[in-house]
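Asks: Sharing a structure, written as structure tokens. Questions coming.
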Amino acid sequence: MKKAEDYLLLMGVPGSPYTRKMLSLLRYRRIPYRLLPGGRKVAADTRRFPARPQPRVPLLPTFYLKDENGVEQAVCDSTPLIRQFEEQFEGRSVIPSNPGLRFIDYLIEDYADEWLTKAMFHYRWSYAPDIHKAGQMLARWNNNTANEDDIAEQSKIITQRQISRLSYVGSNALTRTTIEKSFTLFLNKLDKHLNSFSFILGKRPSACDFAIYGQLTAMALFDPTPAQIIIETAPRVYAWTESMEDLSGYESFDDDWMVLECLPETLVALLEEIGRLYLPYLVANDVAVRAGAHTLETELDGQVWTQNPFPYQSKCLWWIKEGFADLSEQGANLLRTQLRHTGIIELLA
């Protein structure tokens, strides 16, 4: 195990949902860390911020971790990092001890990271007030002391680049209604669940709480259009999002997790939403990726869904399937019973 004086080093920016996800998790777990700011200013100030390795795909946050030979590596994927930190740091685990709950936690975390982010990206880069705010702030996070002409130019570059990526996320004229309807249904279900439970899987946060929180830091706390929707229709969700930022003082106990044998109806309702839209999307995307198709076309919620196939999310489906396959026969049967009305088990068969 690491010593108390050891700390994790990462780079990120305030507007990155995954940066916020991991910072909140590190605070809750009381893992020491140092956050490096992102952007051009960092690259230019080599005395203050020495050169570091670059990840294969530049994503935020980027953790700088040493391998078995002591060589610093740039690592980005938050989901496996959470599991790695479980092995490296003692106490305040965010992974349920029960295998069935652990599978549910992983599934919801993946839903937040890979489906809720579609709503986040859609709202931020589809509505004029959101585009304006994001363009202004993302440029300033990169270099807040730049002159206004440079900021304006950088804002234009960032905005054009991000809007051009909407097709990869799946936001377009055909999918707009599905994304927005799915988001409002999710809000309604989460609001009802939080009326009875402090967190998704009971009285202590799990990995999926931090994943949902990360996406909501954008949609509840930053982007004007979804923030207004949340404040007007689900103020409990807004309050929960703010309270999730720093749980370092929240005490957790072993019996805080839900009991798998009696999952509450509100959690099952959340899982039904995953089985209704997200998993069918993953299956269709996987078929398109394996066929080498240039376009994914399917039907979700009675509407046409089309986007570029996403190879990483094909891996997500198989990781979810592997998680279910790793359960014992008894555990799998219990999960089948609890999730029998969600459509999830059938899609994983």
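Residues in the structure tokens are named by chain (A, B, ... in the order shown) and by number from 1 within that chain; ligands are numbered from 1 in the order shown.
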Find the residues of range 280-336 of chain A that sit at most 12 Å from range 115-127 of chain A; for each, write down the nearest two atoms and how far apart they are in Å, to one decimal. Count only C-alpha atoms. Sort by chain, then by number going up, and give it as a Markdown table.
Replies:
```
| residue | atom | partner | partner_atom | distance |
| --- | --- | --- | --- | --- |
| A:Pro280 | CA | A:Trp115 | CA | 11.6 |
| A:Tyr281 | CA | A:Trp115 | CA | 9.2 |
| A:Leu282 | CA | A:Trp115 | CA | 9.6 |
| A:Gln307 | CA | A:Lys118 | CA | 11.5 |
| A:Gln313 | CA | A:Trp115 | CA | 9.8 |
| A:Cys316 | CA | A:Trp115 | CA | 11.3 |
```
Asks: Next, write the just-selected residues to a file, as an mmCIF file, in the first residue's frame, keeping N, CA and C atoms as the atom set.
Replies:
```
data_model
loop_
_atom_site.group_PDB
_atom_site.id
_atom_site.type_symbol
_atom_site.label_atom_id
_atom_site.label_comp_id
_atom_site.auth_asym_id
_atom_site.auth_seq_id
_atom_site.Cartn_x
_atom_site.Cartn_y
_atom_site.Cartn_z
ATOM 1 N N PRO A 280 -29.499 -1.552 -25.817
ATOM 2 C CA PRO A 280 -29.803 -1.745 -27.245
ATOM 3 C C PRO A 280 -28.886 -0.919 -28.155
ATOM 4 N N TYR A 281 -28.548 0.289 -27.714
ATOM 5 C CA TYR A 281 -27.596 1.094 -28.492
ATOM 6 C C TYR A 281 -26.238 0.399 -28.556
ATOM 7 N N LEU A 282 -25.752 -0.099 -27.410
ATOM 8 C CA LEU A 282 -24.451 -0.767 -27.399
ATOM 9 C C LEU A 282 -24.434 -1.982 -28.322
ATOM 10 N N GLN A 307 -25.398 7.474 -36.209
ATOM 11 C CA GLN A 307 -24.166 8.137 -35.825
ATOM 12 C C GLN A 307 -22.990 7.347 -36.389
ATOM 13 N N GLN A 313 -16.928 1.928 -27.521
ATOM 14 C CA GLN A 313 -18.166 1.492 -26.882
ATOM 15 C C GLN A 313 -18.526 0.064 -27.253
ATOM 16 N N CYS A 316 -16.959 -1.553 -24.483
ATOM 17 C CA CYS A 316 -17.768 -1.379 -23.272
ATOM 18 C C CYS A 316 -18.799 -2.498 -23.136
#
```
Asks: Taking 2 positions as the minimum chain separation for residues in the same chain, which residues sit within 12 Å of range 148-158 of chain A when counting only C-alpha atoms? Answer as an NGL selection string.
Replies: :A and (39-40 or 125 or 131-146 or 160-165)
Asks: Once you have the residues from the selection above, write them out as an mmCIF file, in the first residue's frame, restricted to N, CA and C atoms.
Replies:
```
data_model
loop_
_atom_site.group_PDB
_atom_site.id
_atom_site.type_symbol
_atom_site.label_atom_id
_atom_site.label_comp_id
_atom_site.auth_asym_id
_atom_site.auth_seq_id
_atom_site.Cartn_x
_atom_site.Cartn_y
_atom_site.Cartn_z
ATOM 1 N N GLY A 39 -3.868 22.925 -20.596
ATOM 2 C CA GLY A 39 -3.871 24.007 -21.573
ATOM 3 C C GLY A 39 -2.507 24.494 -22.002
ATOM 4 N N ARG A 40 -2.526 25.503 -22.871
ATOM 5 C CA ARG A 40 -1.302 26.000 -23.494
ATOM 6 C C ARG A 40 -0.347 26.632 -22.484
ATOM 7 N N TRP A 125 -23.184 21.850 -27.013
ATOM 8 C CA TRP A 125 -22.770 22.292 -28.335
ATOM 9 C C TRP A 125 -23.913 22.335 -29.338
ATOM 10 N N ILE A 131 -23.311 27.122 -26.136
ATOM 11 C CA ILE A 131 -22.138 27.230 -27.005
ATOM 12 C C ILE A 131 -21.318 28.459 -26.639
ATOM 13 N N HIS A 132 -22.003 29.570 -26.427
ATOM 14 C CA HIS A 132 -21.313 30.824 -26.103
ATOM 15 C C HIS A 132 -20.555 30.699 -24.785
ATOM 16 N N LYS A 133 -21.212 30.185 -23.756
ATOM 17 C CA LYS A 133 -20.559 30.083 -22.444
ATOM 18 C C LYS A 133 -19.382 29.120 -22.494
ATOM 19 N N ALA A 134 -19.604 27.955 -23.087
ATOM 20 C CA ALA A 134 -18.528 26.958 -23.140
ATOM 21 C C ALA A 134 -17.341 27.472 -23.952
ATOM 22 N N GLY A 135 -17.621 28.108 -25.079
ATOM 23 C CA GLY A 135 -16.536 28.644 -25.896
ATOM 24 C C GLY A 135 -15.713 29.669 -25.143
ATOM 25 N N GLN A 136 -16.395 30.528 -24.397
ATOM 26 C CA GLN A 136 -15.703 31.543 -23.605
ATOM 27 C C GLN A 136 -14.865 30.931 -22.493
ATOM 28 N N MET A 137 -15.445 30.019 -21.745
ATOM 29 C CA MET A 137 -14.774 29.499 -20.555
ATOM 30 C C MET A 137 -13.669 28.505 -20.902
ATOM 31 N N LEU A 138 -13.906 27.625 -21.872
ATOM 32 C CA LEU A 138 -12.869 26.653 -22.225
ATOM 33 C C LEU A 138 -11.610 27.358 -22.725
ATOM 34 N N ALA A 139 -11.784 28.440 -23.467
ATOM 35 C CA ALA A 139 -10.626 29.195 -23.942
ATOM 36 C C ALA A 139 -9.882 29.845 -22.777
ATOM 37 N N ARG A 140 -10.607 30.317 -21.783
ATOM 38 C CA ARG A 140 -9.963 30.972 -20.636
ATOM 39 C C ARG A 140 -9.310 29.962 -19.700
ATOM 40 N N TRP A 141 -9.886 28.784 -19.569
ATOM 41 C CA TRP A 141 -9.234 27.757 -18.747
ATOM 42 C C TRP A 141 -7.869 27.408 -19.336
ATOM 43 N N ASN A 142 -7.749 27.447 -20.638
ATOM 44 C CA ASN A 142 -6.472 27.146 -21.276
ATOM 45 C C ASN A 142 -5.421 28.215 -20.971
ATOM 46 N N ASN A 143 -5.846 29.481 -20.907
ATOM 47 C CA ASN A 143 -4.893 30.568 -20.669
ATOM 48 C C ASN A 143 -5.665 31.829 -20.286
ATOM 49 N N ASN A 144 -5.925 31.988 -19.017
ATOM 50 C CA ASN A 144 -6.794 33.077 -18.552
ATOM 51 C C ASN A 144 -6.123 34.440 -18.609
ATOM 52 N N THR A 145 -4.804 34.481 -18.782
ATOM 53 C CA THR A 145 -4.115 35.772 -18.849
ATOM 54 C C THR A 145 -3.864 36.224 -20.285
ATOM 55 N N ALA A 146 -4.353 35.469 -21.250
ATOM 56 C CA ALA A 146 -4.183 35.862 -22.651
ATOM 57 C C ALA A 146 -5.001 37.119 -22.936
ATOM 58 N N GLN A 160 -15.633 25.381 -32.915
ATOM 59 C CA GLN A 160 -15.756 24.686 -34.199
ATOM 60 C C GLN A 160 -15.351 23.218 -34.071
ATOM 61 N N ARG A 161 -14.282 22.977 -33.328
ATOM 62 C CA ARG A 161 -13.811 21.593 -33.176
ATOM 63 C C ARG A 161 -14.834 20.744 -32.429
ATOM 64 N N GLN A 162 -15.392 21.272 -31.360
ATOM 65 C CA GLN A 162 -16.336 20.500 -30.557
ATOM 66 C C GLN A 162 -17.654 20.267 -31.294
ATOM 67 N N ILE A 163 -18.147 21.261 -31.988
ATOM 68 C CA ILE A 163 -19.385 21.088 -32.757
ATOM 69 C C ILE A 163 -19.185 20.043 -33.857
ATOM 70 N N SER A 164 -17.993 20.012 -34.444
ATOM 71 C CA SER A 164 -17.731 19.025 -35.492
ATOM 72 C C SER A 164 -17.730 17.606 -34.944
ATOM 73 N N ARG A 165 -17.556 17.437 -33.636
ATOM 74 C CA ARG A 165 -17.528 16.114 -33.024
ATOM 75 C C ARG A 165 -18.903 15.600 -32.616
#
```
Asks: Which residues, written as a ChimeraX atom specification, have at least one atom at most 12 Å from Ala234 in chain A, with only C-alpha atoms counted and residues fewer than 5 positions away on the same chain left out?
Replies: /A:183-195,220,226-229,239-241
Asks: Write to file, as a tab-separated table (two decimals), in the first residue's frame, the residues of the selection just made, with N, CA and C atoms.
Replies:
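Now in selection_7.tsv:
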```
chain	number	residue	atom	x	y	z
A	183	PHE	N	-32.81	12.04	-21.38
A	183	PHE	CA	-32.25	12.80	-20.26
A	183	PHE	C	-33.33	13.20	-19.26
A	184	THR	N	-34.46	13.67	-19.74
A	184	THR	CA	-35.53	14.08	-18.82
A	184	THR	C	-36.11	12.88	-18.07
A	185	LEU	N	-36.20	11.72	-18.74
A	185	LEU	CA	-36.65	10.51	-18.05
A	185	LEU	C	-35.66	10.09	-16.97
A	186	PHE	N	-34.38	10.17	-17.30
A	186	PHE	CA	-33.35	9.85	-16.32
A	186	PHE	C	-33.45	10.78	-15.11
A	187	LEU	N	-33.61	12.07	-15.36
A	187	LEU	CA	-33.74	13.04	-14.26
A	187	LEU	C	-34.90	12.68	-13.34
A	188	ASN	N	-36.03	12.35	-13.94
A	188	ASN	CA	-37.22	12.01	-13.17
A	188	ASN	C	-36.97	10.78	-12.30
A	189	LYS	N	-36.35	9.77	-12.87
A	189	LYS	CA	-36.09	8.53	-12.13
A	189	LYS	C	-35.04	8.75	-11.03
A	190	LEU	N	-33.99	9.53	-11.34
A	190	LEU	CA	-32.98	9.81	-10.33
A	190	LEU	C	-33.56	10.64	-9.19
A	191	ASP	N	-34.39	11.60	-9.52
A	191	ASP	CA	-35.02	12.45	-8.50
A	191	ASP	C	-35.85	11.59	-7.53
A	192	LYS	N	-36.61	10.66	-8.05
A	192	LYS	CA	-37.42	9.79	-7.20
A	192	LYS	C	-36.54	8.89	-6.33
A	193	HIS	N	-35.45	8.41	-6.90
A	193	HIS	CA	-34.55	7.53	-6.14
A	193	HIS	C	-33.90	8.31	-5.01
A	194	LEU	N	-33.45	9.53	-5.28
A	194	LEU	CA	-32.77	10.33	-4.27
A	194	LEU	C	-33.72	10.84	-3.20
A	195	ASN	N	-35.00	10.68	-3.41
A	195	ASN	CA	-35.98	11.04	-2.38
A	195	ASN	C	-35.91	10.08	-1.20
A	220	ALA	N	-25.89	20.34	-14.70
A	220	ALA	CA	-26.60	21.03	-13.62
A	220	ALA	C	-25.89	22.32	-13.22
A	226	PRO	N	-29.52	22.75	-19.91
A	226	PRO	CA	-29.89	21.64	-19.02
A	226	PRO	C	-29.97	22.06	-17.56
A	227	ALA	N	-29.19	23.07	-17.15
A	227	ALA	CA	-29.27	23.53	-15.76
A	227	ALA	C	-30.66	24.06	-15.44
A	228	GLN	N	-31.24	24.79	-16.38
A	228	GLN	CA	-32.59	25.31	-16.17
A	228	GLN	C	-33.60	24.17	-16.07
A	229	ILE	N	-33.44	23.16	-16.91
A	229	ILE	CA	-34.33	21.99	-16.86
A	229	ILE	C	-34.23	21.31	-15.50
A	239	ALA	N	-29.28	19.75	-6.06
A	239	ALA	CA	-28.69	19.81	-4.72
A	239	ALA	C	-27.73	18.64	-4.49
A	240	TRP	N	-28.13	17.45	-4.92
A	240	TRP	CA	-27.28	16.27	-4.77
A	240	TRP	C	-25.96	16.45	-5.51
A	241	THR	N	-26.02	17.02	-6.70
A	241	THR	CA	-24.82	17.23	-7.49
A	241	THR	C	-23.83	18.12	-6.75
```
Asks: Please report the interatomic distance between CA of Lys315 in chain A and CA of Asp223 in chain A in Å with one decimal.
Replies: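 Going from CA of Lys315 in chain A over to CA of Asp223 in chain A covers 29.6 Å.
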Asks: Of the residues A:Gln88, A:Ser171, A:Thr225, A:Thr233, which is the one nearest to Asp6 in chain A, using only C-alpha atoms?
Replies: A:Gln88
Asks: Against range 249-256 of chain A, which residues of range 74-177 of chain A fall within 10 Å? For each one I want the closest pair of atoms and the distance in Å (one decimal), counting only C-alpha atoms, rows by chain and increasing residue number, as JSON lines.
Replies:
```
{"residue": "A:Gly91", "atom": "CA", "partner": "A:Ser252", "partner_atom": "CA", "distance": 9.8}
{"residue": "A:Arg92", "atom": "CA", "partner": "A:Ser252", "partner_atom": "CA", "distance": 6.9}
{"residue": "A:Ser93", "atom": "CA", "partner": "A:Ser252", "partner_atom": "CA", "distance": 9.1}
{"residue": "A:Pro96", "atom": "CA", "partner": "A:Asp254", "partner_atom": "CA", "distance": 9.3}
{"residue": "A:Ser97", "atom": "CA", "partner": "A:Asp254", "partner_atom": "CA", "distance": 8.9}
```
Asks: For those residues, write N, CA and C atoms to a file as a PDB file, in the first residue's frame.
Replies:
```pdb
ATOM      1  N   GLY A  91      -9.193   1.512   2.450  1.00  0.00           N
ATOM      2  CA  GLY A  91     -10.302   2.192   3.095  1.00  0.00           C
ATOM      3  C   GLY A  91     -11.234   2.942   2.171  1.00  0.00           C
ATOM      4  N   ARG A  92     -12.462   3.105   2.643  1.00  0.00           N
ATOM      5  CA  ARG A  92     -13.487   3.913   1.980  1.00  0.00           C
ATOM      6  C   ARG A  92     -13.694   3.479   0.529  1.00  0.00           C
ATOM      7  N   SER A  93     -13.840   2.178   0.334  1.00  0.00           N
ATOM      8  CA  SER A  93     -14.012   1.622  -1.004  1.00  0.00           C
ATOM      9  C   SER A  93     -15.272   2.168  -1.676  1.00  0.00           C
ATOM     10  N   PRO A  96     -18.837  -2.013  -4.364  1.00  0.00           N
ATOM     11  CA  PRO A  96     -19.581  -2.871  -3.435  1.00  0.00           C
ATOM     12  C   PRO A  96     -18.925  -4.236  -3.285  1.00  0.00           C
ATOM     13  N   SER A  97     -19.014  -4.789  -2.075  1.00  0.00           N
ATOM     14  CA  SER A  97     -18.427  -6.103  -1.815  1.00  0.00           C
ATOM     15  C   SER A  97     -19.260  -7.225  -2.427  1.00  0.00           C
TER      16      SER A  97
END
```
Asks: Can you list, as a PyMOL selection string, every residue of range 133-220 of chain A that DSSP puts in alpha helix (DSSP H)?
Replies: chain A and resi 133-142+148-164+166-169+176-194+207-219
Asks: What separation in Å, quoted to one decimal, exists between CA of Ile179 in chain A and CA of Met258 in chain A?
Replies: 29.9 Å
Asks: Go through A:Ala284, A:Leu300, A:Ala112, A:Leu166 and flag the residue nearest Gln215 in chain A, using only C-alpha atoms for the distances.
Replies: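 Counting only C-alpha atoms, the residue closest to Gln215 in chain A is A:Ala112.
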Asks: If you measure from CA of Arg290 in chain A to CA of Ser78 in chain A, what distance in Å do you get, rounded to one decimal?
Replies: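 Taking CA of Arg290 in chain A as the start and CA of Ser78 in chain A as the end point, the length is 24.9 Å.
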Asks: Can you list every residue in range 142-331 of chain A that DSSP puts in strand (DSSP E or B), as number ranges by chain?
Replies: A: 199, 202, 257, 296-300, 303-307
Asks: Of the candidates A:Pro37, A:Pro129, A:Pro17, A:Pro205, which shows the shortest atom-to-atom distance to Ile95 in chain A, using only C-alpha atoms?
Replies: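 So, comparing all the options, the nearest one is A:Pro205.
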Asks: Nearest to Phe89 in chain A among A:Ala43, A:Pro32, A:Thr62, A:Leu327, with distances taken over only C-alpha atoms: which residue is it?
Replies: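 Closest residue, counting only C-alpha atoms: A:Pro32.
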Asks: I'd like to know which of A:Phe310, A:Tyr168, A:Phe197, A:Phe324 is closest to Leu267 in chain A, using only C-alpha atoms.
Replies: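 Ranked by minimum distance to Leu267 in chain A, first place goes to A:Phe197.
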Asks: What lies within 10 Å of Leu23 in chain A using only C-alpha atoms, ignoring chain neighbours under 6 positions off, as a list in words?
Replies: Leu10, Gly12, Pro17, Arg29, Ile31, Tyr33, Arg34, Leu35, Pro61, Phe210, Gly214, Glu245 and Asp246 of chain A
Asks: Write the selection just made, keeping N, CA and C atoms, as a PDB file, in the first residue's frame?
Replies:
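What follows is the written file again12.pdb:
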```pdb
ATOM      1  N   LEU A  10      -2.307  14.379 -11.461  1.00  0.00           N
ATOM      2  CA  LEU A  10      -3.196  14.346 -12.618  1.00  0.00           C
ATOM      3  C   LEU A  10      -3.348  15.728 -13.218  1.00  0.00           C
ATOM      4  N   GLY A  12      -6.121  18.201 -15.438  1.00  0.00           N
ATOM      5  CA  GLY A  12      -7.503  18.319 -15.876  1.00  0.00           C
ATOM      6  C   GLY A  12      -7.965  19.759 -15.841  1.00  0.00           C
ATOM      7  N   PRO A  17     -16.182  16.637 -17.315  1.00  0.00           N
ATOM      8  CA  PRO A  17     -16.967  15.797 -16.388  1.00  0.00           C
ATOM      9  C   PRO A  17     -16.150  14.672 -15.771  1.00  0.00           C
ATOM     10  N   ARG A  29     -12.342   9.321  -0.992  1.00  0.00           N
ATOM     11  CA  ARG A  29     -11.467   8.241  -0.544  1.00  0.00           C
ATOM     12  C   ARG A  29     -10.272   8.759   0.260  1.00  0.00           C
ATOM     13  N   ILE A  31      -7.612  10.244  -0.768  1.00  0.00           N
ATOM     14  CA  ILE A  31      -6.355   9.930  -1.445  1.00  0.00           C
ATOM     15  C   ILE A  31      -5.667  11.247  -1.804  1.00  0.00           C
ATOM     16  N   TYR A  33      -3.686  14.067  -3.665  1.00  0.00           N
ATOM     17  CA  TYR A  33      -3.450  14.272  -5.096  1.00  0.00           C
ATOM     18  C   TYR A  33      -2.943  15.684  -5.344  1.00  0.00           C
ATOM     19  N   ARG A  34      -2.376  15.866  -6.513  1.00  0.00           N
ATOM     20  CA  ARG A  34      -1.970  17.184  -7.011  1.00  0.00           C
ATOM     21  C   ARG A  34      -2.577  17.344  -8.398  1.00  0.00           C
ATOM     22  N   LEU A  35      -3.323  18.432  -8.586  1.00  0.00           N
ATOM     23  CA  LEU A  35      -3.990  18.679  -9.865  1.00  0.00           C
ATOM     24  C   LEU A  35      -3.202  19.695 -10.673  1.00  0.00           C
ATOM     25  N   PRO A  61      -9.479  13.422 -17.236  1.00  0.00           N
ATOM     26  CA  PRO A  61      -8.155  13.817 -16.750  1.00  0.00           C
ATOM     27  C   PRO A  61      -7.083  12.850 -17.218  1.00  0.00           C
ATOM     28  N   PHE A 210     -20.154   8.743  -8.634  1.00  0.00           N
ATOM     29  CA  PHE A 210     -19.176   9.722  -9.104  1.00  0.00           C
ATOM     30  C   PHE A 210     -19.263   9.904 -10.613  1.00  0.00           C
ATOM     31  N   GLY A 214     -20.187  13.403 -12.293  1.00  0.00           N
ATOM     32  CA  GLY A 214     -19.310  14.048 -13.256  1.00  0.00           C
ATOM     33  C   GLY A 214     -20.068  14.659 -14.423  1.00  0.00           C
ATOM     34  N   GLU A 245     -19.613  17.076  -4.492  1.00  0.00           N
ATOM     35  CA  GLU A 245     -18.297  17.598  -4.851  1.00  0.00           C
ATOM     36  C   GLU A 245     -17.218  17.218  -3.842  1.00  0.00           C
ATOM     37  N   ASP A 246     -17.537  17.305  -2.562  1.00  0.00           N
ATOM     38  CA  ASP A 246     -16.529  16.991  -1.540  1.00  0.00           C
ATOM     39  C   ASP A 246     -17.180  16.183  -0.426  1.00  0.00           C
TER      40      ASP A 246
END
```
Asks: If you count only C-alpha atoms, which residues fall within 12 Å of Leu335 in chain A, apart from same-chain ones fewer than 2 positions away, as JSON, numbers by chain?
Replies: {"A": [98, 99, 100, 101, 102, 103, 104, 259, 260, 261, 262, 263, 268, 324, 325, 327, 328, 329, 330, 331, 332, 333, 337, 338, 339, 340, 341, 342, 344, 345, 346]}
Asks: For N, CA and C atoms, I'd like the residues from the last selection saved as a PDB file, in the first residue's frame.
Replies:
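Okay, this is what ended up in result.pdb:
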```pdb
ATOM      1  N   ASN A  98     -20.575  -7.049  -2.524  1.00  0.00           N
ATOM      2  CA  ASN A  98     -21.438  -8.063  -3.118  1.00  0.00           C
ATOM      3  C   ASN A  98     -21.240  -8.095  -4.637  1.00  0.00           C
ATOM      4  N   PRO A  99     -20.953  -9.253  -5.237  1.00  0.00           N
ATOM      5  CA  PRO A  99     -20.682  -9.315  -6.683  1.00  0.00           C
ATOM      6  C   PRO A  99     -21.831  -8.807  -7.550  1.00  0.00           C
ATOM      7  N   GLY A 100     -23.067  -9.099  -7.139  1.00  0.00           N
ATOM      8  CA  GLY A 100     -24.202  -8.641  -7.925  1.00  0.00           C
ATOM      9  C   GLY A 100     -24.326  -7.129  -7.904  1.00  0.00           C
ATOM     10  N   LEU A 101     -24.179  -6.538  -6.726  1.00  0.00           N
ATOM     11  CA  LEU A 101     -24.200  -5.077  -6.632  1.00  0.00           C
ATOM     12  C   LEU A 101     -23.015  -4.472  -7.381  1.00  0.00           C
ATOM     13  N   ARG A 102     -21.893  -5.174  -7.338  1.00  0.00           N
ATOM     14  CA  ARG A 102     -20.705  -4.700  -8.039  1.00  0.00           C
ATOM     15  C   ARG A 102     -20.973  -4.632  -9.546  1.00  0.00           C
ATOM     16  N   PHE A 103     -21.694  -5.616 -10.068  1.00  0.00           N
ATOM     17  CA  PHE A 103     -22.046  -5.591 -11.492  1.00  0.00           C
ATOM     18  C   PHE A 103     -22.981  -4.420 -11.791  1.00  0.00           C
ATOM     19  N   ILE A 104     -23.976  -4.204 -10.937  1.00  0.00           N
ATOM     20  CA  ILE A 104     -24.907  -3.088 -11.135  1.00  0.00           C
ATOM     21  C   ILE A 104     -24.164  -1.758 -11.098  1.00  0.00           C
ATOM     22  N   VAL A 259     -29.117  -4.245  -0.055  1.00  0.00           N
ATOM     23  CA  VAL A 259     -29.140  -5.708  -0.094  1.00  0.00           C
ATOM     24  C   VAL A 259     -29.663  -6.126  -1.464  1.00  0.00           C
ATOM     25  N   LEU A 260     -28.883  -6.928  -2.178  1.00  0.00           N
ATOM     26  CA  LEU A 260     -29.236  -7.290  -3.550  1.00  0.00           C
ATOM     27  C   LEU A 260     -30.590  -7.988  -3.633  1.00  0.00           C
ATOM     28  N   GLU A 261     -30.928  -8.764  -2.601  1.00  0.00           N
ATOM     29  CA  GLU A 261     -32.170  -9.545  -2.634  1.00  0.00           C
ATOM     30  C   GLU A 261     -33.418  -8.675  -2.623  1.00  0.00           C
ATOM     31  N   CYS A 262     -33.294  -7.415  -2.227  1.00  0.00           N
ATOM     32  CA  CYS A 262     -34.487  -6.550  -2.178  1.00  0.00           C
ATOM     33  C   CYS A 262     -34.155  -5.155  -2.691  1.00  0.00           C
ATOM     34  N   LEU A 263     -33.855  -5.080  -3.984  1.00  0.00           N
ATOM     35  CA  LEU A 263     -33.564  -3.792  -4.604  1.00  0.00           C
ATOM     36  C   LEU A 263     -34.818  -2.921  -4.613  1.00  0.00           C
ATOM     37  N   VAL A 268     -34.576  -0.087  -9.621  1.00  0.00           N
ATOM     38  CA  VAL A 268     -34.974  -0.926 -10.749  1.00  0.00           C
ATOM     39  C   VAL A 268     -35.459  -0.054 -11.911  1.00  0.00           C
ATOM     40  N   PHE A 324     -20.812  -9.826 -16.178  1.00  0.00           N
ATOM     41  CA  PHE A 324     -21.936 -10.709 -15.859  1.00  0.00           C
ATOM     42  C   PHE A 324     -21.504 -12.169 -15.903  1.00  0.00           C
ATOM     43  N   ALA A 325     -20.680 -12.528 -16.886  1.00  0.00           N
ATOM     44  CA  ALA A 325     -20.225 -13.911 -17.026  1.00  0.00           C
ATOM     45  C   ALA A 325     -19.345 -14.341 -15.857  1.00  0.00           C
ATOM     46  N   LEU A 327     -19.853 -13.741 -12.769  1.00  0.00           N
ATOM     47  CA  LEU A 327     -20.638 -14.035 -11.571  1.00  0.00           C
ATOM     48  C   LEU A 327     -20.775 -15.544 -11.386  1.00  0.00           C
ATOM     49  N   SER A 328     -20.879 -15.960 -10.142  1.00  0.00           N
ATOM     50  CA  SER A 328     -21.169 -17.366  -9.879  1.00  0.00           C
ATOM     51  C   SER A 328     -22.568 -17.698 -10.388  1.00  0.00           C
ATOM     52  N   GLU A 329     -22.862 -18.968 -10.543  1.00  0.00           N
ATOM     53  CA  GLU A 329     -24.190 -19.363 -11.013  1.00  0.00           C
ATOM     54  C   GLU A 329     -25.273 -18.857 -10.066  1.00  0.00           C
ATOM     55  N   GLN A 330     -25.010 -18.952  -8.766  1.00  0.00           N
ATOM     56  CA  GLN A 330     -25.978 -18.472  -7.785  1.00  0.00           C
ATOM     57  C   GLN A 330     -26.157 -16.956  -7.891  1.00  0.00           C
ATOM     58  N   GLY A 331     -25.037 -16.238  -8.033  1.00  0.00           N
ATOM     59  CA  GLY A 331     -25.111 -14.787  -8.149  1.00  0.00           C
ATOM     60  C   GLY A 331     -25.812 -14.348  -9.418  1.00  0.00           C
ATOM     61  N   ALA A 332     -25.527 -15.038 -10.523  1.00  0.00           N
ATOM     62  CA  ALA A 332     -26.169 -14.701 -11.800  1.00  0.00           C
ATOM     63  C   ALA A 332     -27.668 -14.948 -11.733  1.00  0.00           C
ATOM     64  N   ASN A 333     -28.074 -16.036 -11.111  1.00  0.00           N
ATOM     65  CA  ASN A 333     -29.504 -16.346 -11.001  1.00  0.00           C
ATOM     66  C   ASN A 333     -30.220 -15.316 -10.138  1.00  0.00           C
ATOM     67  N   THR A 337     -33.200 -12.655 -11.335  1.00  0.00           N
ATOM     68  CA  THR A 337     -34.480 -12.465 -10.638  1.00  0.00           C
ATOM     69  C   THR A 337     -34.726 -10.987 -10.373  1.00  0.00           C
ATOM     70  N   GLN A 338     -33.717 -10.293  -9.896  1.00  0.00           N
ATOM     71  CA  GLN A 338     -33.880  -8.886  -9.535  1.00  0.00           C
ATOM     72  C   GLN A 338     -34.055  -7.981 -10.754  1.00  0.00           C
ATOM     73  N   LEU A 339     -33.465  -8.379 -11.880  1.00  0.00           N
ATOM     74  CA  LEU A 339     -33.505  -7.529 -13.071  1.00  0.00           C
ATOM     75  C   LEU A 339     -34.429  -8.091 -14.152  1.00  0.00           C
ATOM     76  N   ARG A 340     -35.351  -8.949 -13.769  1.00  0.00           N
ATOM     77  CA  ARG A 340     -36.151  -9.680 -14.761  1.00  0.00           C
ATOM     78  C   ARG A 340     -37.028  -8.764 -15.602  1.00  0.00           C
ATOM     79  N   HIS A 341     -37.370  -7.562 -15.103  1.00  0.00           N
ATOM     80  CA  HIS A 341     -38.255  -6.681 -15.874  1.00  0.00           C
ATOM     81  C   HIS A 341     -37.489  -5.531 -16.551  1.00  0.00           C
ATOM     82  N   THR A 342     -36.171  -5.574 -16.506  1.00  0.00           N
ATOM     83  CA  THR A 342     -35.398  -4.457 -17.046  1.00  0.00           C
ATOM     84  C   THR A 342     -34.947  -4.660 -18.495  1.00  0.00           C
ATOM     85  N   ILE A 344     -32.275  -6.104 -19.283  1.00  0.00           N
ATOM     86  CA  ILE A 344     -30.819  -6.120 -19.287  1.00  0.00           C
ATOM     87  C   ILE A 344     -30.267  -7.527 -19.525  1.00  0.00           C
ATOM     88  N   ILE A 345     -30.797  -8.497 -18.799  1.00  0.00           N
ATOM     89  CA  ILE A 345     -30.248  -9.860 -18.866  1.00  0.00           C
ATOM     90  C   ILE A 345     -30.386 -10.411 -20.279  1.00  0.00           C
ATOM     91  N   GLU A 346     -31.546 -10.178 -20.903  1.00  0.00           N
ATOM     92  CA  GLU A 346     -31.771 -10.709 -22.254  1.00  0.00           C
ATOM     93  C   GLU A 346     -30.748 -10.143 -23.243  1.00  0.00           C
TER      94      GLU A 346
END
```
